[in-house]
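Undergrad: Just so it is clear, I am handing over final_15.csv, which has CSV, C-alpha atoms.
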chain,number,residue,atom,x,y,z
O,1,MET,CA,-8.5,54.6,26.3
O,2,ASN,CA,-7.7,50.9,27.1
O,3,LEU,CA,-4.3,49.4,27.4
O,4,ASP,CA,-5.7,46.2,25.9
O,5,SER,CA,-6.7,48.0,22.7
O,6,ASP,CA,-4.7,47.1,19.6
O,7,ASP,CA,-2.7,49.8,17.9
O,8,PHE,CA,-5.4,50.5,15.3
O,9,GLU,CA,-8.1,50.9,18.0
O,10,LEU,CA,-5.8,53.1,20.1
O,11,PHE,CA,-5.2,55.4,17.1
O,12,ASP,CA,-8.9,55.2,16.0
O,13,LEU,CA,-7.8,53.8,12.6
O,14,PRO,CA,-9.3,51.0,10.4
O,15,GLN,CA,-7.5,47.7,10.9
O,16,ARG,CA,-5.9,47.6,7.4
O,17,PHE,CA,-2.4,47.9,5.9
O,18,THR,CA,-3.1,51.0,3.8
O,19,GLN,CA,-2.9,54.0,6.1
O,20,ASP,CA,-2.4,57.7,5.8
O,21,GLY,CA,1.0,58.5,7.4
O,22,ALA,CA,0.0,62.1,8.2
O,23,LEU,CA,-3.2,60.9,10.0
O,24,ILE,CA,-1.1,58.4,12.0
O,25,ASP,CA,1.2,61.3,13.0
O,26,ALA,CA,-1.7,63.5,13.9
O,27,ARG,CA,-3.4,60.8,16.1
O,28,TRP,CA,0.0,60.2,17.8
O,29,ARG,CA,0.4,63.9,18.6
O,30,ALA,CA,-3.2,64.1,20.0
O,31,LEU,CA,-2.6,61.0,22.1
O,32,GLN,CA,0.7,62.2,23.4
O,33,VAL,CA,-0.9,65.5,24.5
O,34,ARG,CA,-3.5,63.4,26.5
O,35,VAL,CA,-1.0,61.1,28.2
O,36,HIS,CA,2.2,63.0,28.5
O,37,PRO,CA,3.6,62.6,32.1
O,38,ASP,CA,4.1,66.4,32.5
O,39,ARG,CA,0.3,66.8,32.5
O,40,PHE,CA,0.1,64.7,35.6
O,41,VAL,CA,2.7,66.4,37.8
O,42,ALA,CA,0.1,67.8,40.2
O,43,GLN,CA,-1.5,64.3,40.7
O,44,GLY,CA,1.7,62.7,42.1
O,45,ALA,CA,4.3,60.1,41.2
O,46,ALA,CA,1.8,57.2,40.8
O,47,ALA,CA,-0.2,59.2,38.2
O,48,GLN,CA,3.0,60.1,36.4
O,49,ARG,CA,4.1,56.5,36.3
O,50,VAL,CA,0.8,55.5,34.7
O,51,ALA,CA,1.1,58.3,32.2
O,52,MET,CA,4.6,57.2,31.4
O,53,GLN,CA,3.3,53.7,30.7
O,54,TRP,CA,0.7,55.2,28.4
O,55,SER,CA,3.2,57.4,26.7
O,56,VAL,CA,5.5,54.4,26.0
O,57,ARG,CA,2.5,52.4,24.7
O,58,VAL,CA,1.5,55.2,22.4
O,59,ASN,CA,5.0,55.6,21.1
O,60,GLU,CA,5.3,51.9,20.4
O,61,ALA,CA,2.0,51.8,18.6
O,62,HIS,CA,3.1,54.9,16.5
O,63,ARG,CA,6.4,53.2,15.6
O,64,ARG,CA,4.6,50.0,14.6
O,65,LEU,CA,1.9,51.8,12.6
O,66,LYS,CA,4.3,54.1,10.7
O,67,ASN,CA,6.6,51.3,9.5
O,68,PRO,CA,5.0,49.4,6.7
O,69,LEU,CA,6.6,46.1,7.5
O,70,GLU,CA,6.0,46.3,11.2
O,71,ARG,CA,2.4,47.3,10.5
O,72,ALA,CA,2.0,44.3,8.1
O,73,ALA,CA,3.6,41.9,10.6
O,74,TYR,CA,1.3,43.3,13.3
O,75,LEU,CA,-1.8,42.8,11.1
O,76,CYS,CA,-0.7,39.2,10.4
O,77,GLU,CA,-0.4,38.6,14.1
O,78,LEU,CA,-3.7,40.2,14.9
O,79,ARG,CA,-5.3,37.9,12.2
O,80,GLY,CA,-3.7,34.8,13.7
O,81,GLN,CA,-0.7,34.4,11.5
O,82,ALA,CA,2.6,35.0,13.3
O,83,LEU,CA,5.6,35.5,11.1
O,84,ALA,CA,7.6,32.8,12.9
O,85,LEU,CA,10.9,34.3,11.8
O,86,GLU,CA,13.0,31.9,13.8
O,87,SER,CA,11.4,28.7,12.5
O,88,ASN,CA,10.0,29.7,9.0
O,89,THR,CA,12.8,30.6,6.7
O,90,GLN,CA,11.4,29.1,3.5
O,91,MET,CA,11.4,31.5,0.6
O,92,PRO,CA,10.2,30.9,-3.0
O,93,ALA,CA,13.1,29.8,-5.2
O,94,ALA,CA,12.7,32.7,-7.6
O,95,PHE,CA,13.0,35.2,-4.7
O,96,LEU,CA,16.1,33.4,-3.4
O,97,MET,CA,17.7,33.6,-6.8
O,98,GLN,CA,16.9,37.3,-7.0
O,99,GLN,CA,18.5,37.8,-3.6
O,100,MET,CA,21.6,36.0,-4.6
O,101,SER,CA,21.8,38.1,-7.8
O,102,TRP,CA,21.4,41.3,-5.9
O,103,ARG,CA,24.0,40.2,-3.3
O,104,GLU,CA,26.5,39.4,-6.0
O,105,ALA,CA,25.8,42.8,-7.6
O,106,LEU,CA,26.5,44.4,-4.3
O,107,ASP,CA,29.8,42.5,-3.9
O,108,ASP,CA,30.8,43.5,-7.5
O,109,ALA,CA,29.7,47.1,-7.3
O,110,LEU,CA,33.0,49.1,-7.3
O,111,SER,CA,31.6,52.6,-8.1
O,112,PRO,CA,29.0,54.9,-6.6
O,113,GLN,CA,27.1,54.7,-9.9
O,114,ALA,CA,26.9,50.9,-9.7
O,115,LEU,CA,25.6,51.2,-6.1
O,116,ASP,CA,23.0,53.8,-7.3
O,117,VAL,CA,21.8,51.5,-10.0
O,118,LEU,CA,21.5,48.6,-7.6
O,119,SER,CA,19.8,50.7,-5.0
O,120,ASP,CA,17.3,52.1,-7.5
O,121,GLU,CA,16.5,48.5,-8.7
O,122,VAL,CA,15.9,47.2,-5.2
O,123,GLN,CA,13.9,50.2,-4.2
O,124,ALA,CA,11.6,49.8,-7.2
O,125,TYR,CA,11.2,46.1,-6.3
O,126,ARG,CA,10.3,47.1,-2.7
O,127,VAL,CA,7.7,49.7,-3.8
O,128,HIS,CA,6.1,47.0,-6.1
O,129,ALA,CA,6.2,44.4,-3.3
O,130,LEU,CA,4.6,46.8,-0.8
O,131,GLY,CA,1.8,47.3,-3.3
O,132,LEU,CA,1.3,43.6,-3.6
O,133,LEU,CA,1.3,43.3,0.2
O,134,ALA,CA,-1.4,45.9,0.4
O,135,GLN,CA,-3.5,44.0,-2.0
O,136,THR,CA,-2.9,40.7,-0.2
O,137,LEU,CA,-3.9,42.1,3.2
O,138,ASP,CA,-6.6,44.7,2.4
O,139,GLU,CA,-8.3,43.1,-0.7
O,140,VAL,CA,-7.5,39.4,-0.8
O,141,GLY,CA,-7.3,38.8,2.9
O,142,ASP,CA,-4.7,36.0,2.5
O,143,VAL,CA,-2.8,36.3,5.8
O,144,ALA,CA,-0.5,33.4,5.2
O,145,ALA,CA,0.6,34.8,1.8
O,146,ALA,CA,1.0,38.3,3.5
O,147,ALA,CA,3.3,36.8,6.2
O,148,GLN,CA,5.5,35.3,3.4
O,149,GLN,CA,5.6,38.6,1.7
O,150,VAL,CA,6.6,40.4,4.9
O,151,ARG,CA,9.4,37.9,5.4
O,152,SER,CA,10.6,38.5,1.9
O,153,LEU,CA,10.5,42.3,2.3
O,154,MET,CA,12.5,42.0,5.5
O,155,PHE,CA,15.3,40.5,3.3
O,156,VAL,CA,14.9,43.4,0.9
O,157,ASP,CA,15.1,45.9,3.6
O,158,ARG,CA,18.3,44.3,5.0
O,159,LEU,CA,19.8,44.4,1.5
O,160,LEU,CA,18.9,48.1,1.2
O,161,HIS,CA,20.5,48.7,4.5
O,162,ASP,CA,23.7,47.0,3.4
O,163,ILE,CA,23.6,49.0,0.1
O,164,GLY,CA,23.2,52.2,2.1
O,165,ARG,CA,26.2,51.3,4.3
O,166,ARG,CA,28.3,50.8,1.2
O,167,MET,CA,27.2,54.1,-0.2
O,168,ALA,CA,27.9,56.1,3.0
O,169,PRO,CA,31.2,57.9,3.0
O,170,HIS,CA,33.7,56.4,5.3
Would you write out, as structure tokens, the structure that this file holds?
TA:
Amino acid sequence: MNLDSDDFELFDLPQRFTQDGALIDARWRALQVRVHPDRFVAQGAAAQRVAMQWSVRVNEAHRRLKNPLERAAYLCELRGQALALESNTQMPAAFLMQQMSWREALDDALSPQALDVLSDEVQAYRVHALGLLAQTLDEVGDVAAAAQQVRSLMFVDRLLHDIGRRMAPH
């Protein structure tokens, strides 16, 4: 194992968006068995510190690979297209109009049923958008378009989080 390996190399996975979540988990468990600091107790504090660094690295890679948006953003970065979230806030006009519509619907939702309907609509959009993102990254290879799609999906995830907070019992 090499600390300089990217997450995909570390987990012995193809460098693509579409991944098998169960396989990611299985590779994570196998790596954790190899690098867990408890395995290095007899080798002293220095070996345990290195094992702890490896364990942290493996956990970070696992988190990034398991989360579709983090995995997509990571792929964009690996392919030379940083998301530039601080400086690139441009969104297509149609997407901004949809966001405003959803936000208004959230503000106007007075019943659990209205929140459920909105949540279902936004979840369906998210599933569709993730499918398009998979095509953009894995088939088309348009990293700039993928970065835009990831930025848009981050807005969608934030909206879903806000809907969830409104749905949660107080």
Undergrad: Might you pull out every residue within 8 Å of Leu153 in chain O, with all atoms listed in the file counted and same-chain residues fewer than 3 positions away left off, and present them as a PyMOL selection string?
TA: chain O and resi 69+126+129+149-150+156-157
Undergrad: So which one's closest to Gln99 in chain O, O:Val122, O:Leu65, O:Ala134, O:Ala51? Using all atoms listed in the file, please.
TA: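 With all atoms listed in the file as the atom set, the closest residue is O:Val122.
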Undergrad: Could you state the separation of CA of Arg34 in chain O and CA of Phe17 in chain O in Å, given to one decimal place?
TA: 25.8 Å
Undergrad: Find, counting all atoms listed in the file, the residue in O:Met52, O:Leu78, O:Ala45, O:Leu159 that gets nearest to Tyr125 in chain O.
TA: O:Leu159
Undergrad: Compare O:Glu77, O:Asp162, O:Glu139, O:Glu9 by their minimum atom-to-atom distance to Leu118 in chain O, counting all atoms listed in the file, and give me the closest one.
TA: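 Closest candidate: O:Asp162.
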Undergrad: For a quick check of understanding, using all atoms listed in the file, which of O:Ile163, O:Val58, O:Ala47, O:Met97 has the smallest distance to Arg29 in chain O?
TA: O:Val58
Undergrad: Tell me, in Å to one decimal, how far CA of Gly21 in chain O is from CA of Ala61 in chain O.
TA: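 These two atoms are separated by 13.1 Å.
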Undergrad: Please measure the separation of CA of Arg166 in chain O and CA of Phe95 in chain O, giving the value in Å to one decimal.
TA: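 Straight-line distance from CA of Arg166 in chain O to CA of Phe95 in chain O works out to 22.6 Å.
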Undergrad: Which residue is closest to Leu10 in chain O? Choose from O:Leu31, O:Ala124, O:Leu110, O:Ala72 and count only C-alpha atoms.
TA: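 Result for the nearest residue to Leu10 in chain O: O:Leu31.
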Undergrad: Which one is closest to Met154 in chain O: O:Met100, O:Leu137, O:Leu83, O:Leu3? Count all atoms listed in the file.
TA: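 Among the listed residues, the smallest separation from Met154 in chain O belongs to O:Leu83.
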Undergrad: Counting only C-alpha atoms, note down every residue that has an atom within 12 Å of the point (3.8, 56.4, 35.0) (file coordinates), as a tab-separated table (two decimals) with C-alpha atoms, in the frame of the given file.
TA:
chain	number	residue	atom	x	y	z
O	35	VAL	CA	-1.00	61.10	28.20
O	36	HIS	CA	2.20	63.00	28.50
O	37	PRO	CA	3.60	62.60	32.10
O	38	ASP	CA	4.10	66.40	32.50
O	39	ARG	CA	0.30	66.80	32.50
O	40	PHE	CA	0.10	64.70	35.60
O	41	VAL	CA	2.70	66.40	37.80
O	43	GLN	CA	-1.50	64.30	40.70
O	44	GLY	CA	1.70	62.70	42.10
O	45	ALA	CA	4.30	60.10	41.20
O	46	ALA	CA	1.80	57.20	40.80
O	47	ALA	CA	-0.20	59.20	38.20
O	48	GLN	CA	3.00	60.10	36.40
O	49	ARG	CA	4.10	56.50	36.30
O	50	VAL	CA	0.80	55.50	34.70
O	51	ALA	CA	1.10	58.30	32.20
O	52	MET	CA	4.60	57.20	31.40
O	53	GLN	CA	3.30	53.70	30.70
O	54	TRP	CA	0.70	55.20	28.40
O	55	SER	CA	3.20	57.40	26.70
O	56	VAL	CA	5.50	54.40	26.00
O	57	ARG	CA	2.50	52.40	24.70
Undergrad: Report as a PyMOL selection string all protein, DNA and RNA residues lying within 12 Å of His161 in chain O, evaluated on all atoms listed in the file, omitting residues in the same chain fewer than 6 positions from it.
TA: chain O and resi 106+119+122-123+154-155+167-168
Undergrad: I want to know what sits within 12 Å of Leu133 in chain O, based on all atoms listed in the file, with residues of the same chain fewer than 5 positions away left out; could you give that as a PyMOL selection string?
TA: chain O and resi 16-18+68-69+71-73+75-76+126-128+138-153
Undergrad: Write the residues of the preceding selection, restricted to C-alpha atoms, as an mmCIF file, in the coordinates of the input.
TA:
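Below is the file part13.cif, written as the result:
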data_model
loop_
_atom_site.group_PDB
_atom_site.id
_atom_site.type_symbol
_atom_site.label_atom_id
_atom_site.label_comp_id
_atom_site.auth_asym_id
_atom_site.auth_seq_id
_atom_site.Cartn_x
_atom_site.Cartn_y
_atom_site.Cartn_z
ATOM 1 C CA ARG O 16 -5.900 47.600 7.400
ATOM 2 C CA PHE O 17 -2.400 47.900 5.900
ATOM 3 C CA THR O 18 -3.100 51.000 3.800
ATOM 4 C CA PRO O 68 5.000 49.400 6.700
ATOM 5 C CA LEU O 69 6.600 46.100 7.500
ATOM 6 C CA ARG O 71 2.400 47.300 10.500
ATOM 7 C CA ALA O 72 2.000 44.300 8.100
ATOM 8 C CA ALA O 73 3.600 41.900 10.600
ATOM 9 C CA LEU O 75 -1.800 42.800 11.100
ATOM 10 C CA CYS O 76 -0.700 39.200 10.400
ATOM 11 C CA ARG O 126 10.300 47.100 -2.700
ATOM 12 C CA VAL O 127 7.700 49.700 -3.800
ATOM 13 C CA HIS O 128 6.100 47.000 -6.100
ATOM 14 C CA ASP O 138 -6.600 44.700 2.400
ATOM 15 C CA GLU O 139 -8.300 43.100 -0.700
ATOM 16 C CA VAL O 140 -7.500 39.400 -0.800
ATOM 17 C CA GLY O 141 -7.300 38.800 2.900
ATOM 18 C CA ASP O 142 -4.700 36.000 2.500
ATOM 19 C CA VAL O 143 -2.800 36.300 5.800
ATOM 20 C CA ALA O 144 -0.500 33.400 5.200
ATOM 21 C CA ALA O 145 0.600 34.800 1.800
ATOM 22 C CA ALA O 146 1.000 38.300 3.500
ATOM 23 C CA ALA O 147 3.300 36.800 6.200
ATOM 24 C CA GLN O 148 5.500 35.300 3.400
ATOM 25 C CA GLN O 149 5.600 38.600 1.700
ATOM 26 C CA VAL O 150 6.600 40.400 4.900
ATOM 27 C CA ARG O 151 9.400 37.900 5.400
ATOM 28 C CA SER O 152 10.600 38.500 1.900
ATOM 29 C CA LEU O 153 10.500 42.300 2.300
#
